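A.B. asks: Next comes entry-v4.txt, compact mmCIF, N, CA, C and O atoms:
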# COMPACT_ATOMS: atom_id res chain seq x y z
N MET A 314 11.06 56.16 -128.20
CA MET A 314 9.71 55.67 -128.01
C MET A 314 9.47 54.54 -129.00
O MET A 314 9.96 54.55 -130.11
N ALA A 315 8.72 53.58 -128.61
CA ALA A 315 8.44 52.41 -129.44
C ALA A 315 7.02 52.49 -130.01
O ALA A 315 6.16 53.17 -129.47
N TRP A 316 6.83 51.78 -131.10
CA TRP A 316 5.51 51.68 -131.72
C TRP A 316 4.58 50.92 -130.79
O TRP A 316 4.94 49.90 -130.21
N VAL A 317 3.34 51.41 -130.65
CA VAL A 317 2.31 50.74 -129.86
C VAL A 317 1.17 50.39 -130.80
O VAL A 317 0.68 51.24 -131.55
N SER A 318 0.75 49.13 -130.77
CA SER A 318 -0.32 48.69 -131.68
C SER A 318 -1.56 49.55 -131.50
O SER A 318 -2.01 49.80 -130.38
N PRO A 319 -2.13 50.03 -132.62
CA PRO A 319 -3.30 50.89 -132.55
C PRO A 319 -4.58 50.12 -132.24
O PRO A 319 -4.66 48.91 -132.45
N LYS A 320 -5.56 50.85 -131.77
CA LYS A 320 -6.91 50.30 -131.58
C LYS A 320 -7.53 50.16 -132.96
O LYS A 320 -7.56 51.10 -133.73
N LEU A 321 -8.02 48.98 -133.27
CA LEU A 321 -8.56 48.73 -134.60
C LEU A 321 -10.07 48.48 -134.61
O LEU A 321 -10.65 48.28 -135.67
N ASP A 322 -10.69 48.48 -133.46
CA ASP A 322 -12.11 48.12 -133.40
C ASP A 322 -13.03 49.32 -133.15
O ASP A 322 -14.03 49.22 -132.46
N TRP A 323 -12.69 50.46 -133.73
CA TRP A 323 -13.50 51.67 -133.50
C TRP A 323 -14.93 51.48 -133.99
O TRP A 323 -15.87 52.02 -133.41
N ASN A 324 -15.14 50.72 -135.07
CA ASN A 324 -16.49 50.50 -135.59
C ASN A 324 -17.29 49.52 -134.75
O ASN A 324 -18.47 49.70 -134.52
N THR A 325 -16.64 48.44 -134.29
CA THR A 325 -17.36 47.44 -133.51
C THR A 325 -17.43 47.78 -132.02
O THR A 325 -18.25 47.23 -131.30
N ASN A 326 -16.58 48.67 -131.58
CA ASN A 326 -16.55 49.10 -130.19
C ASN A 326 -16.48 50.62 -130.15
O ASN A 326 -15.46 51.20 -129.77
N PRO A 327 -17.56 51.28 -130.59
CA PRO A 327 -17.52 52.74 -130.77
C PRO A 327 -17.57 53.49 -129.43
O PRO A 327 -18.64 53.81 -128.91
N ILE A 328 -16.40 53.76 -128.89
CA ILE A 328 -16.32 54.58 -127.69
C ILE A 328 -15.50 55.82 -128.03
O ILE A 328 -14.70 55.81 -128.97
N ASN A 329 -15.72 56.87 -127.29
CA ASN A 329 -14.93 58.07 -127.50
C ASN A 329 -13.47 57.79 -127.13
O ASN A 329 -13.21 57.05 -126.17
N PRO A 330 -12.55 58.36 -127.88
CA PRO A 330 -11.14 58.17 -127.55
C PRO A 330 -10.85 58.69 -126.14
O PRO A 330 -11.37 59.72 -125.72
N THR A 331 -10.00 57.97 -125.44
CA THR A 331 -9.59 58.38 -124.10
C THR A 331 -8.21 59.01 -124.17
O THR A 331 -7.55 59.02 -125.23
N GLU A 332 -7.74 59.49 -123.04
CA GLU A 332 -6.41 60.07 -122.96
C GLU A 332 -5.36 59.05 -123.39
O GLU A 332 -4.40 59.39 -124.09
N VAL A 333 -5.56 57.80 -123.00
CA VAL A 333 -4.63 56.73 -123.38
C VAL A 333 -4.59 56.57 -124.90
O VAL A 333 -3.51 56.43 -125.50
N ASP A 334 -5.76 56.61 -125.55
CA ASP A 334 -5.81 56.48 -127.01
C ASP A 334 -5.07 57.63 -127.68
O ASP A 334 -4.27 57.43 -128.60
N LEU A 335 -5.32 58.84 -127.22
CA LEU A 335 -4.69 60.01 -127.83
C LEU A 335 -3.18 60.01 -127.60
O LEU A 335 -2.41 60.35 -128.51
N ASN A 336 -2.75 59.61 -126.42
CA ASN A 336 -1.31 59.53 -126.15
C ASN A 336 -0.65 58.47 -127.03
O ASN A 336 0.46 58.67 -127.52
N ARG A 337 -1.33 57.33 -127.25
CA ARG A 337 -0.79 56.29 -128.12
C ARG A 337 -0.67 56.81 -129.54
O ARG A 337 0.34 56.60 -130.21
N ILE A 338 -1.70 57.50 -130.02
CA ILE A 338 -1.69 58.04 -131.38
C ILE A 338 -0.54 59.04 -131.53
O ILE A 338 0.23 58.98 -132.50
N GLU A 339 -0.41 59.96 -130.59
CA GLU A 339 0.68 60.94 -130.66
C GLU A 339 2.04 60.26 -130.57
O GLU A 339 2.98 60.64 -131.27
N GLY A 340 2.16 59.26 -129.72
CA GLY A 340 3.42 58.52 -129.60
C GLY A 340 3.78 57.81 -130.89
O GLY A 340 4.94 57.81 -131.31
N ASN A 341 2.78 57.21 -131.54
CA ASN A 341 3.04 56.52 -132.80
C ASN A 341 3.42 57.50 -133.91
O ASN A 341 4.29 57.20 -134.73
N ILE A 342 2.81 58.66 -133.92
CA ILE A 342 3.18 59.69 -134.90
C ILE A 342 4.63 60.11 -134.68
O ILE A 342 5.41 60.22 -135.62
N ASP A 343 5.00 60.34 -133.42
CA ASP A 343 6.37 60.72 -133.10
C ASP A 343 7.34 59.62 -133.51
O ASP A 343 8.40 59.90 -134.08
N PHE A 344 6.99 58.37 -133.24
CA PHE A 344 7.83 57.24 -133.64
C PHE A 344 8.05 57.24 -135.15
O PHE A 344 9.18 57.07 -135.62
N LEU A 345 6.97 57.42 -135.92
CA LEU A 345 7.08 57.38 -137.38
C LEU A 345 7.93 58.54 -137.90
O LEU A 345 8.74 58.36 -138.81
N LYS A 346 7.75 59.73 -137.34
CA LYS A 346 8.55 60.88 -137.76
C LYS A 346 10.04 60.62 -137.52
O LYS A 346 10.87 60.89 -138.38
N THR A 347 10.36 60.08 -136.36
CA THR A 347 11.76 59.78 -136.04
C THR A 347 12.29 58.70 -136.96
O THR A 347 13.42 58.81 -137.47
N ASP A 348 11.51 57.66 -137.21
CA ASP A 348 11.92 56.57 -138.07
C ASP A 348 12.19 57.06 -139.50
O ASP A 348 13.17 56.67 -140.12
N ILE A 349 11.33 57.93 -139.99
CA ILE A 349 11.50 58.48 -141.34
C ILE A 349 12.80 59.28 -141.42
O ILE A 349 13.57 59.14 -142.37
N GLU A 350 13.07 60.12 -140.42
CA GLU A 350 14.28 60.93 -140.44
C GLU A 350 15.54 60.06 -140.33
O GLU A 350 16.54 60.34 -140.97
N THR A 351 15.47 59.00 -139.53
CA THR A 351 16.61 58.09 -139.40
C THR A 351 16.91 57.43 -140.74
O THR A 351 18.07 57.36 -141.18
N LYS A 352 15.87 56.96 -141.41
CA LYS A 352 16.05 56.31 -142.71
C LYS A 352 16.47 57.31 -143.78
O LYS A 352 17.28 56.98 -144.66
N LYS A 353 15.98 58.53 -143.68
CA LYS A 353 16.40 59.57 -144.62
C LYS A 353 17.89 59.84 -144.46
O LYS A 353 18.61 60.00 -145.44
N GLY A 354 18.37 59.84 -143.22
CA GLY A 354 19.79 60.03 -142.96
C GLY A 354 20.63 58.93 -143.59
O GLY A 354 21.71 59.19 -144.15
N ALA A 355 20.15 57.70 -143.53
CA ALA A 355 20.87 56.58 -144.14
C ALA A 355 20.92 56.74 -145.67
O ALA A 355 21.94 56.46 -146.29
N ILE A 356 19.84 57.22 -146.24
CA ILE A 356 19.80 57.44 -147.69
C ILE A 356 20.77 58.55 -148.08
O ILE A 356 21.53 58.43 -149.05
N VAL A 357 20.78 59.64 -147.32
CA VAL A 357 21.69 60.75 -147.59
C VAL A 357 23.14 60.27 -147.52
O VAL A 357 23.96 60.58 -148.39
N THR A 358 23.46 59.50 -146.49
CA THR A 358 24.82 58.97 -146.35
C THR A 358 25.20 58.09 -147.52
O THR A 358 26.30 58.20 -148.08
N ALA A 359 24.28 57.23 -147.95
CA ALA A 359 24.55 56.34 -149.08
C ALA A 359 24.75 57.13 -150.37
O ALA A 359 25.67 56.83 -151.15
N LEU A 360 23.93 58.14 -150.58
CA LEU A 360 24.07 58.94 -151.80
C LEU A 360 25.37 59.72 -151.80
O LEU A 360 26.05 59.82 -152.83
N ASP A 361 25.73 60.28 -150.65
CA ASP A 361 27.00 60.99 -150.55
C ASP A 361 28.18 60.06 -150.87
O ASP A 361 29.15 60.48 -151.50
N SER A 362 28.07 58.80 -150.45
CA SER A 362 29.18 57.86 -150.66
C SER A 362 29.38 57.52 -152.13
O SER A 362 30.46 57.06 -152.51
N VAL A 363 28.35 57.73 -152.96
CA VAL A 363 28.51 57.48 -154.40
C VAL A 363 28.58 58.77 -155.20
O VAL A 363 28.44 58.77 -156.42
N GLY A 364 28.79 59.89 -154.49
CA GLY A 364 29.04 61.15 -155.17
C GLY A 364 27.82 61.97 -155.54
O GLY A 364 27.91 62.89 -156.35
N ILE A 365 26.68 61.66 -154.98
CA ILE A 365 25.48 62.47 -155.23
C ILE A 365 25.33 63.42 -154.04
O ILE A 365 25.05 62.99 -152.93
N PRO A 366 25.56 64.71 -154.28
CA PRO A 366 25.58 65.67 -153.17
C PRO A 366 24.18 66.05 -152.67
O PRO A 366 23.45 66.79 -153.32
N VAL A 367 23.80 65.48 -151.55
CA VAL A 367 22.55 65.83 -150.89
C VAL A 367 22.85 66.03 -149.40
O VAL A 367 23.87 65.56 -148.89
N VAL A 368 21.95 66.74 -148.72
CA VAL A 368 22.10 66.96 -147.28
C VAL A 368 20.80 66.59 -146.59
O VAL A 368 19.73 66.55 -147.22
N ILE A 369 20.88 66.34 -145.30
CA ILE A 369 19.72 65.88 -144.54
C ILE A 369 18.58 66.90 -144.56
O ILE A 369 17.42 66.54 -144.46
N THR A 370 18.90 68.17 -144.75
CA THR A 370 17.85 69.19 -144.77
C THR A 370 17.12 69.28 -146.11
O THR A 370 16.11 69.97 -146.22
N ASP A 371 17.62 68.55 -147.12
CA ASP A 371 16.91 68.50 -148.40
C ASP A 371 15.57 67.78 -148.19
O ASP A 371 15.46 66.87 -147.38
N THR A 372 14.58 68.20 -148.95
CA THR A 372 13.29 67.51 -148.90
C THR A 372 13.41 66.19 -149.64
O THR A 372 14.36 65.96 -150.40
N HIS A 373 12.43 65.32 -149.44
CA HIS A 373 12.43 64.05 -150.15
C HIS A 373 12.38 64.29 -151.67
O HIS A 373 13.01 63.58 -152.44
N ALA A 374 11.62 65.29 -152.08
CA ALA A 374 11.54 65.62 -153.51
C ALA A 374 12.90 66.08 -154.04
O ALA A 374 13.29 65.72 -155.17
N GLU A 375 13.63 66.87 -153.28
CA GLU A 375 14.95 67.33 -153.71
C GLU A 375 15.92 66.17 -153.81
O GLU A 375 16.74 66.10 -154.74
N ILE A 376 15.83 65.25 -152.87
CA ILE A 376 16.70 64.06 -152.92
C ILE A 376 16.37 63.22 -154.15
O ILE A 376 17.28 62.76 -154.86
N ALA A 377 15.10 63.05 -154.43
CA ALA A 377 14.69 62.27 -155.62
C ALA A 377 15.19 62.94 -156.89
O ALA A 377 15.68 62.26 -157.81
N THR A 378 15.11 64.27 -156.96
CA THR A 378 15.61 65.01 -158.14
C THR A 378 17.11 64.83 -158.29
O THR A 378 17.60 64.65 -159.40
N ALA A 379 17.83 64.87 -157.18
CA ALA A 379 19.29 64.68 -157.23
C ALA A 379 19.65 63.30 -157.78
O ALA A 379 20.64 63.13 -158.48
N ILE A 380 18.84 62.31 -157.44
CA ILE A 380 19.09 60.94 -157.91
C ILE A 380 18.89 60.85 -159.42
O ILE A 380 19.66 60.21 -160.13
N THR A 381 17.83 61.50 -159.91
CA THR A 381 17.53 61.40 -161.33
C THR A 381 18.34 62.41 -162.10
O THR A 381 18.57 62.31 -163.25
How does the structure come out when it is put into structure tokens?
C.D. replies:
Amino acid sequence: MAWVSPKLDWNTNPINPTEVDLNRIEGNIDFLKTDIETKKGAIVTALDSVGIPVVITDTHAEIATAIT
């Protein structure tokens, strides 16, 4: 799924969100979650390549602790 530009005029055009708005919001959340996990995987791979033992199931805090 691709990022869809959000509605930014809620204050100047105050209408109740429609099904299209909610689907866009949910789609963008899903896109961001996937993007974060993809980038986290790249970080894990890079750290493993320099001998810092982390796994994809580690939290971001655990990965940061492993680095320091």
A.B. asks: Find the distance between atom O of Asn326 (chain A) and atom N of Thr347 (chain A) and write it in Å to one decimal.
C.D. replies: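 Value for the atom O of Asn326 (chain A)-atom N of Thr347 (chain A) distance: 28.1 Å.
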A.B. asks: Name the residues within 12 Å of (9.5, 60.3, -150.6), counting only C-alpha atoms in the file's coordinates, and put them as number ranges by chain.
C.D. replies: A: 349-350, 352-353, 356, 371-378
A.B. asks: Next, write the just-selected residues to a file, as a JSON list (two decimals), keeping the file's coordinate frame, keeping N, CA, C and O atoms as the atom set.
C.D. replies:
[["chain", "number", "residue", "atom", "x", "y", "z"],
["A", 349, "ILE", "N", 11.33, 57.93, -139.99],
["A", 349, "ILE", "CA", 11.50, 58.48, -141.34],
["A", 349, "ILE", "C", 12.80, 59.28, -141.42],
["A", 349, "ILE", "O", 13.57, 59.14, -142.37],
["A", 350, "GLU", "N", 13.07, 60.12, -140.42],
["A", 350, "GLU", "CA", 14.28, 60.93, -140.44],
["A", 350, "GLU", "C", 15.54, 60.06, -140.33],
["A", 350, "GLU", "O", 16.54, 60.34, -140.97],
["A", 352, "LYS", "N", 15.87, 56.96, -141.41],
["A", 352, "LYS", "CA", 16.05, 56.31, -142.71],
["A", 352, "LYS", "C", 16.47, 57.31, -143.78],
["A", 352, "LYS", "O", 17.28, 56.98, -144.66],
["A", 353, "LYS", "N", 15.98, 58.53, -143.68],
["A", 353, "LYS", "CA", 16.40, 59.57, -144.62],
["A", 353, "LYS", "C", 17.89, 59.84, -144.46],
["A", 353, "LYS", "O", 18.61, 60.00, -145.44],
["A", 356, "ILE", "N", 19.84, 57.22, -146.24],
["A", 356, "ILE", "CA", 19.80, 57.44, -147.69],
["A", 356, "ILE", "C", 20.77, 58.55, -148.08],
["A", 356, "ILE", "O", 21.53, 58.43, -149.05],
["A", 371, "ASP", "N", 17.62, 68.55, -147.12],
["A", 371, "ASP", "CA", 16.91, 68.50, -148.40],
["A", 371, "ASP", "C", 15.57, 67.78, -148.19],
["A", 371, "ASP", "O", 15.46, 66.87, -147.38],
["A", 372, "THR", "N", 14.58, 68.20, -148.95],
["A", 372, "THR", "CA", 13.29, 67.51, -148.90],
["A", 372, "THR", "C", 13.41, 66.19, -149.64],
["A", 372, "THR", "O", 14.36, 65.96, -150.40],
["A", 373, "HIS", "N", 12.43, 65.32, -149.44],
["A", 373, "HIS", "CA", 12.43, 64.05, -150.15],
["A", 373, "HIS", "C", 12.38, 64.29, -151.67],
["A", 373, "HIS", "O", 13.01, 63.58, -152.44],
["A", 374, "ALA", "N", 11.62, 65.29, -152.08],
["A", 374, "ALA", "CA", 11.54, 65.62, -153.51],
["A", 374, "ALA", "C", 12.90, 66.08, -154.04],
["A", 374, "ALA", "O", 13.29, 65.72, -155.17],
["A", 375, "GLU", "N", 13.63, 66.87, -153.28],
["A", 375, "GLU", "CA", 14.95, 67.33, -153.71],
["A", 375, "GLU", "C", 15.92, 66.17, -153.81],
["A", 375, "GLU", "O", 16.74, 66.10, -154.74],
["A", 376, "ILE", "N", 15.83, 65.25, -152.87],
["A", 376, "ILE", "CA", 16.70, 64.06, -152.92],
["A", 376, "ILE", "C", 16.37, 63.22, -154.15],
["A", 376, "ILE", "O", 17.28, 62.76, -154.86],
["A", 377, "ALA", "N", 15.10, 63.05, -154.43],
["A", 377, "ALA", "CA", 14.69, 62.27, -155.62],
["A", 377, "ALA", "C", 15.19, 62.94, -156.89],
["A", 377, "ALA", "O", 15.68, 62.26, -157.81],
["A", 378, "THR", "N", 15.11, 64.27, -156.96],
["A", 378, "THR", "CA", 15.61, 65.01, -158.14],
["A", 378, "THR", "C", 17.11, 64.83, -158.29],
["A", 378, "THR", "O", 17.60, 64.65, -159.40]]
A.B. asks: Can you work out which one of A:Thr370, A:Ser362, A:Thr381, A:Ser318 has the shortest atom-to-atom distance to Arg337 (chain A), counting all atoms listed in the file?
C.D. replies: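 Of the candidates, the smallest distance to Arg337 (chain A) is held by A:Ser318.
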A.B. asks: Figure out the distance between atom O of Ile328 (chain A) and atom C of Gly340 (chain A), please, to one decimal in Å.
C.D. replies: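 Computed distance, atom C of Gly340 (chain A) to atom O of Ile328 (chain A), equals 18.7 Å.
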A.B. asks: Quote the spacing between CA of Ala315 (chain A) and CA of Asp348 (chain A) in Å to one decimal place.
C.D. replies: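 The value is 10.2 Å.
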A.B. asks: Please extract the residues of chain A with a backbone DSSP assignment of alpha helix (DSSP H) and present them as an mmCIF file with N, CA, C and O atoms, in the frame of the given file.
C.D. replies:
data_model
loop_
_atom_site.group_PDB
_atom_site.id
_atom_site.type_symbol
_atom_site.label_atom_id
_atom_site.label_comp_id
_atom_site.auth_asym_id
_atom_site.auth_seq_id
_atom_site.Cartn_x
_atom_site.Cartn_y
_atom_site.Cartn_z
ATOM 1 N N GLU A 332 -7.740 59.490 -123.040
ATOM 2 C CA GLU A 332 -6.410 60.070 -122.960
ATOM 3 C C GLU A 332 -5.360 59.050 -123.390
ATOM 4 O O GLU A 332 -4.400 59.390 -124.090
ATOM 5 N N VAL A 333 -5.560 57.800 -123.000
ATOM 6 C CA VAL A 333 -4.630 56.730 -123.380
ATOM 7 C C VAL A 333 -4.590 56.570 -124.900
ATOM 8 O O VAL A 333 -3.510 56.430 -125.500
ATOM 9 N N ASP A 334 -5.760 56.610 -125.550
ATOM 10 C CA ASP A 334 -5.810 56.480 -127.010
ATOM 11 C C ASP A 334 -5.070 57.630 -127.680
ATOM 12 O O ASP A 334 -4.270 57.430 -128.600
ATOM 13 N N LEU A 335 -5.320 58.840 -127.220
ATOM 14 C CA LEU A 335 -4.690 60.010 -127.830
ATOM 15 C C LEU A 335 -3.180 60.010 -127.600
ATOM 16 O O LEU A 335 -2.410 60.350 -128.510
ATOM 17 N N ASN A 336 -2.750 59.610 -126.420
ATOM 18 C CA ASN A 336 -1.310 59.530 -126.150
ATOM 19 C C ASN A 336 -0.650 58.470 -127.030
ATOM 20 O O ASN A 336 0.460 58.670 -127.520
ATOM 21 N N ARG A 337 -1.330 57.330 -127.250
ATOM 22 C CA ARG A 337 -0.790 56.290 -128.120
ATOM 23 C C ARG A 337 -0.670 56.810 -129.540
ATOM 24 O O ARG A 337 0.340 56.600 -130.210
ATOM 25 N N ILE A 338 -1.700 57.500 -130.020
ATOM 26 C CA ILE A 338 -1.690 58.040 -131.380
ATOM 27 C C ILE A 338 -0.540 59.040 -131.530
ATOM 28 O O ILE A 338 0.230 58.980 -132.500
ATOM 29 N N GLU A 339 -0.410 59.960 -130.590
ATOM 30 C CA GLU A 339 0.680 60.940 -130.660
ATOM 31 C C GLU A 339 2.040 60.260 -130.570
ATOM 32 O O GLU A 339 2.980 60.640 -131.270
ATOM 33 N N GLY A 340 2.160 59.260 -129.720
ATOM 34 C CA GLY A 340 3.420 58.520 -129.600
ATOM 35 C C GLY A 340 3.780 57.810 -130.890
ATOM 36 O O GLY A 340 4.940 57.810 -131.310
ATOM 37 N N ASN A 341 2.780 57.210 -131.540
ATOM 38 C CA ASN A 341 3.040 56.520 -132.800
ATOM 39 C C ASN A 341 3.420 57.500 -133.910
ATOM 40 O O ASN A 341 4.290 57.200 -134.730
ATOM 41 N N ILE A 342 2.810 58.660 -133.920
ATOM 42 C CA ILE A 342 3.180 59.690 -134.900
ATOM 43 C C ILE A 342 4.630 60.110 -134.680
ATOM 44 O O ILE A 342 5.410 60.220 -135.620
ATOM 45 N N ASP A 343 5.000 60.340 -133.420
ATOM 46 C CA ASP A 343 6.370 60.720 -133.100
ATOM 47 C C ASP A 343 7.340 59.620 -133.510
ATOM 48 O O ASP A 343 8.400 59.900 -134.080
ATOM 49 N N PHE A 344 6.990 58.370 -133.240
ATOM 50 C CA PHE A 344 7.830 57.240 -133.640
ATOM 51 C C PHE A 344 8.050 57.240 -135.150
ATOM 52 O O PHE A 344 9.180 57.070 -135.620
ATOM 53 N N LEU A 345 6.970 57.420 -135.920
ATOM 54 C CA LEU A 345 7.080 57.380 -137.380
ATOM 55 C C LEU A 345 7.930 58.540 -137.900
ATOM 56 O O LEU A 345 8.740 58.360 -138.810
ATOM 57 N N LYS A 346 7.750 59.730 -137.340
ATOM 58 C CA LYS A 346 8.550 60.880 -137.760
ATOM 59 C C LYS A 346 10.040 60.620 -137.520
ATOM 60 O O LYS A 346 10.870 60.890 -138.380
ATOM 61 N N THR A 347 10.360 60.080 -136.360
ATOM 62 C CA THR A 347 11.760 59.780 -136.040
ATOM 63 C C THR A 347 12.290 58.700 -136.960
ATOM 64 O O THR A 347 13.420 58.810 -137.470
ATOM 65 N N ASP A 348 11.510 57.660 -137.210
ATOM 66 C CA ASP A 348 11.920 56.570 -138.070
ATOM 67 C C ASP A 348 12.190 57.060 -139.500
ATOM 68 O O ASP A 348 13.170 56.670 -140.120
ATOM 69 N N ILE A 349 11.330 57.930 -139.990
ATOM 70 C CA ILE A 349 11.500 58.480 -141.340
ATOM 71 C C ILE A 349 12.800 59.280 -141.420
ATOM 72 O O ILE A 349 13.570 59.140 -142.370
ATOM 73 N N GLU A 350 13.070 60.120 -140.420
ATOM 74 C CA GLU A 350 14.280 60.930 -140.440
ATOM 75 C C GLU A 350 15.540 60.060 -140.330
ATOM 76 O O GLU A 350 16.540 60.340 -140.970
ATOM 77 N N THR A 351 15.470 59.000 -139.530
ATOM 78 C CA THR A 351 16.610 58.090 -139.400
ATOM 79 C C THR A 351 16.910 57.430 -140.740
ATOM 80 O O THR A 351 18.070 57.360 -141.180
ATOM 81 N N LYS A 352 15.870 56.960 -141.410
ATOM 82 C CA LYS A 352 16.050 56.310 -142.710
ATOM 83 C C LYS A 352 16.470 57.310 -143.780
ATOM 84 O O LYS A 352 17.280 56.980 -144.660
ATOM 85 N N LYS A 353 15.980 58.530 -143.680
ATOM 86 C CA LYS A 353 16.400 59.570 -144.620
ATOM 87 C C LYS A 353 17.890 59.840 -144.460
ATOM 88 O O LYS A 353 18.610 60.000 -145.440
ATOM 89 N N GLY A 354 18.370 59.840 -143.220
ATOM 90 C CA GLY A 354 19.790 60.030 -142.960
ATOM 91 C C GLY A 354 20.630 58.930 -143.590
ATOM 92 O O GLY A 354 21.710 59.190 -144.150
ATOM 93 N N ALA A 355 20.150 57.700 -143.530
ATOM 94 C CA ALA A 355 20.870 56.580 -144.140
ATOM 95 C C ALA A 355 20.920 56.740 -145.670
ATOM 96 O O ALA A 355 21.940 56.460 -146.290
ATOM 97 N N ILE A 356 19.840 57.220 -146.240
ATOM 98 C CA ILE A 356 19.800 57.440 -147.690
ATOM 99 C C ILE A 356 20.770 58.550 -148.080
ATOM 100 O O ILE A 356 21.530 58.430 -149.050
ATOM 101 N N VAL A 357 20.780 59.640 -147.320
ATOM 102 C CA VAL A 357 21.690 60.750 -147.590
ATOM 103 C C VAL A 357 23.140 60.270 -147.520
ATOM 104 O O VAL A 357 23.960 60.580 -148.390
ATOM 105 N N THR A 358 23.460 59.500 -146.490
ATOM 106 C CA THR A 358 24.820 58.970 -146.350
ATOM 107 C C THR A 358 25.200 58.090 -147.520
ATOM 108 O O THR A 358 26.300 58.200 -148.080
ATOM 109 N N ALA A 359 24.280 57.230 -147.950
ATOM 110 C CA ALA A 359 24.550 56.340 -149.080
ATOM 111 C C ALA A 359 24.750 57.130 -150.370
ATOM 112 O O ALA A 359 25.670 56.830 -151.150
ATOM 113 N N LEU A 360 23.930 58.140 -150.580
ATOM 114 C CA LEU A 360 24.070 58.940 -151.800
ATOM 115 C C LEU A 360 25.370 59.720 -151.800
ATOM 116 O O LEU A 360 26.050 59.820 -152.830
ATOM 117 N N ASP A 361 25.730 60.280 -150.650
ATOM 118 C CA ASP A 361 27.000 60.990 -150.550
ATOM 119 C C ASP A 361 28.180 60.060 -150.870
ATOM 120 O O ASP A 361 29.150 60.480 -151.500
ATOM 121 N N SER A 362 28.070 58.800 -150.450
ATOM 122 C CA SER A 362 29.180 57.860 -150.660
ATOM 123 C C SER A 362 29.380 57.520 -152.130
ATOM 124 O O SER A 362 30.460 57.060 -152.510
ATOM 125 N N HIS A 373 12.430 65.320 -149.440
ATOM 126 C CA HIS A 373 12.430 64.050 -150.150
ATOM 127 C C HIS A 373 12.380 64.290 -151.670
ATOM 128 O O HIS A 373 13.010 63.580 -152.440
ATOM 129 N N ALA A 374 11.620 65.290 -152.080
ATOM 130 C CA ALA A 374 11.540 65.620 -153.510
ATOM 131 C C ALA A 374 12.900 66.080 -154.040
ATOM 132 O O ALA A 374 13.290 65.720 -155.170
ATOM 133 N N GLU A 375 13.630 66.870 -153.280
ATOM 134 C CA GLU A 375 14.950 67.330 -153.710
ATOM 135 C C GLU A 375 15.920 66.170 -153.810
ATOM 136 O O GLU A 375 16.740 66.100 -154.740
ATOM 137 N N ILE A 376 15.830 65.250 -152.870
ATOM 138 C CA ILE A 376 16.700 64.060 -152.920
ATOM 139 C C ILE A 376 16.370 63.220 -154.150
ATOM 140 O O ILE A 376 17.280 62.760 -154.860
ATOM 141 N N ALA A 377 15.100 63.050 -154.430
ATOM 142 C CA ALA A 377 14.690 62.270 -155.620
ATOM 143 C C ALA A 377 15.190 62.940 -156.890
ATOM 144 O O ALA A 377 15.680 62.260 -157.810
ATOM 145 N N THR A 378 15.110 64.270 -156.960
ATOM 146 C CA THR A 378 15.610 65.010 -158.140
ATOM 147 C C THR A 378 17.110 64.830 -158.290
ATOM 148 O O THR A 378 17.600 64.650 -159.400
ATOM 149 N N ALA A 379 17.830 64.870 -157.180
ATOM 150 C CA ALA A 379 19.290 64.680 -157.230
ATOM 151 C C ALA A 379 19.650 63.300 -157.780
ATOM 152 O O ALA A 379 20.640 63.130 -158.480
ATOM 153 N N ILE A 380 18.840 62.310 -157.440
ATOM 154 C CA ILE A 380 19.090 60.940 -157.910
ATOM 155 C C ILE A 380 18.890 60.850 -159.420
ATOM 156 O O ILE A 380 19.660 60.210 -160.130
#
A.B. asks: If we count only C-alpha atoms, what is near region 363-369 of chain A at a cut-off of 7 Å, once residues fewer than 6 positions away on the same chain are taken out, given as a PyMOL selection string?
C.D. replies: chain A and resi 354+357+376+379
A.B. asks: Using all atoms listed in the file, find the one residue out of A:Glu332, A:Phe344, A:Ile380, A:Thr351 that sits nearest to Trp316 (chain A).
C.D. replies: A:Phe344
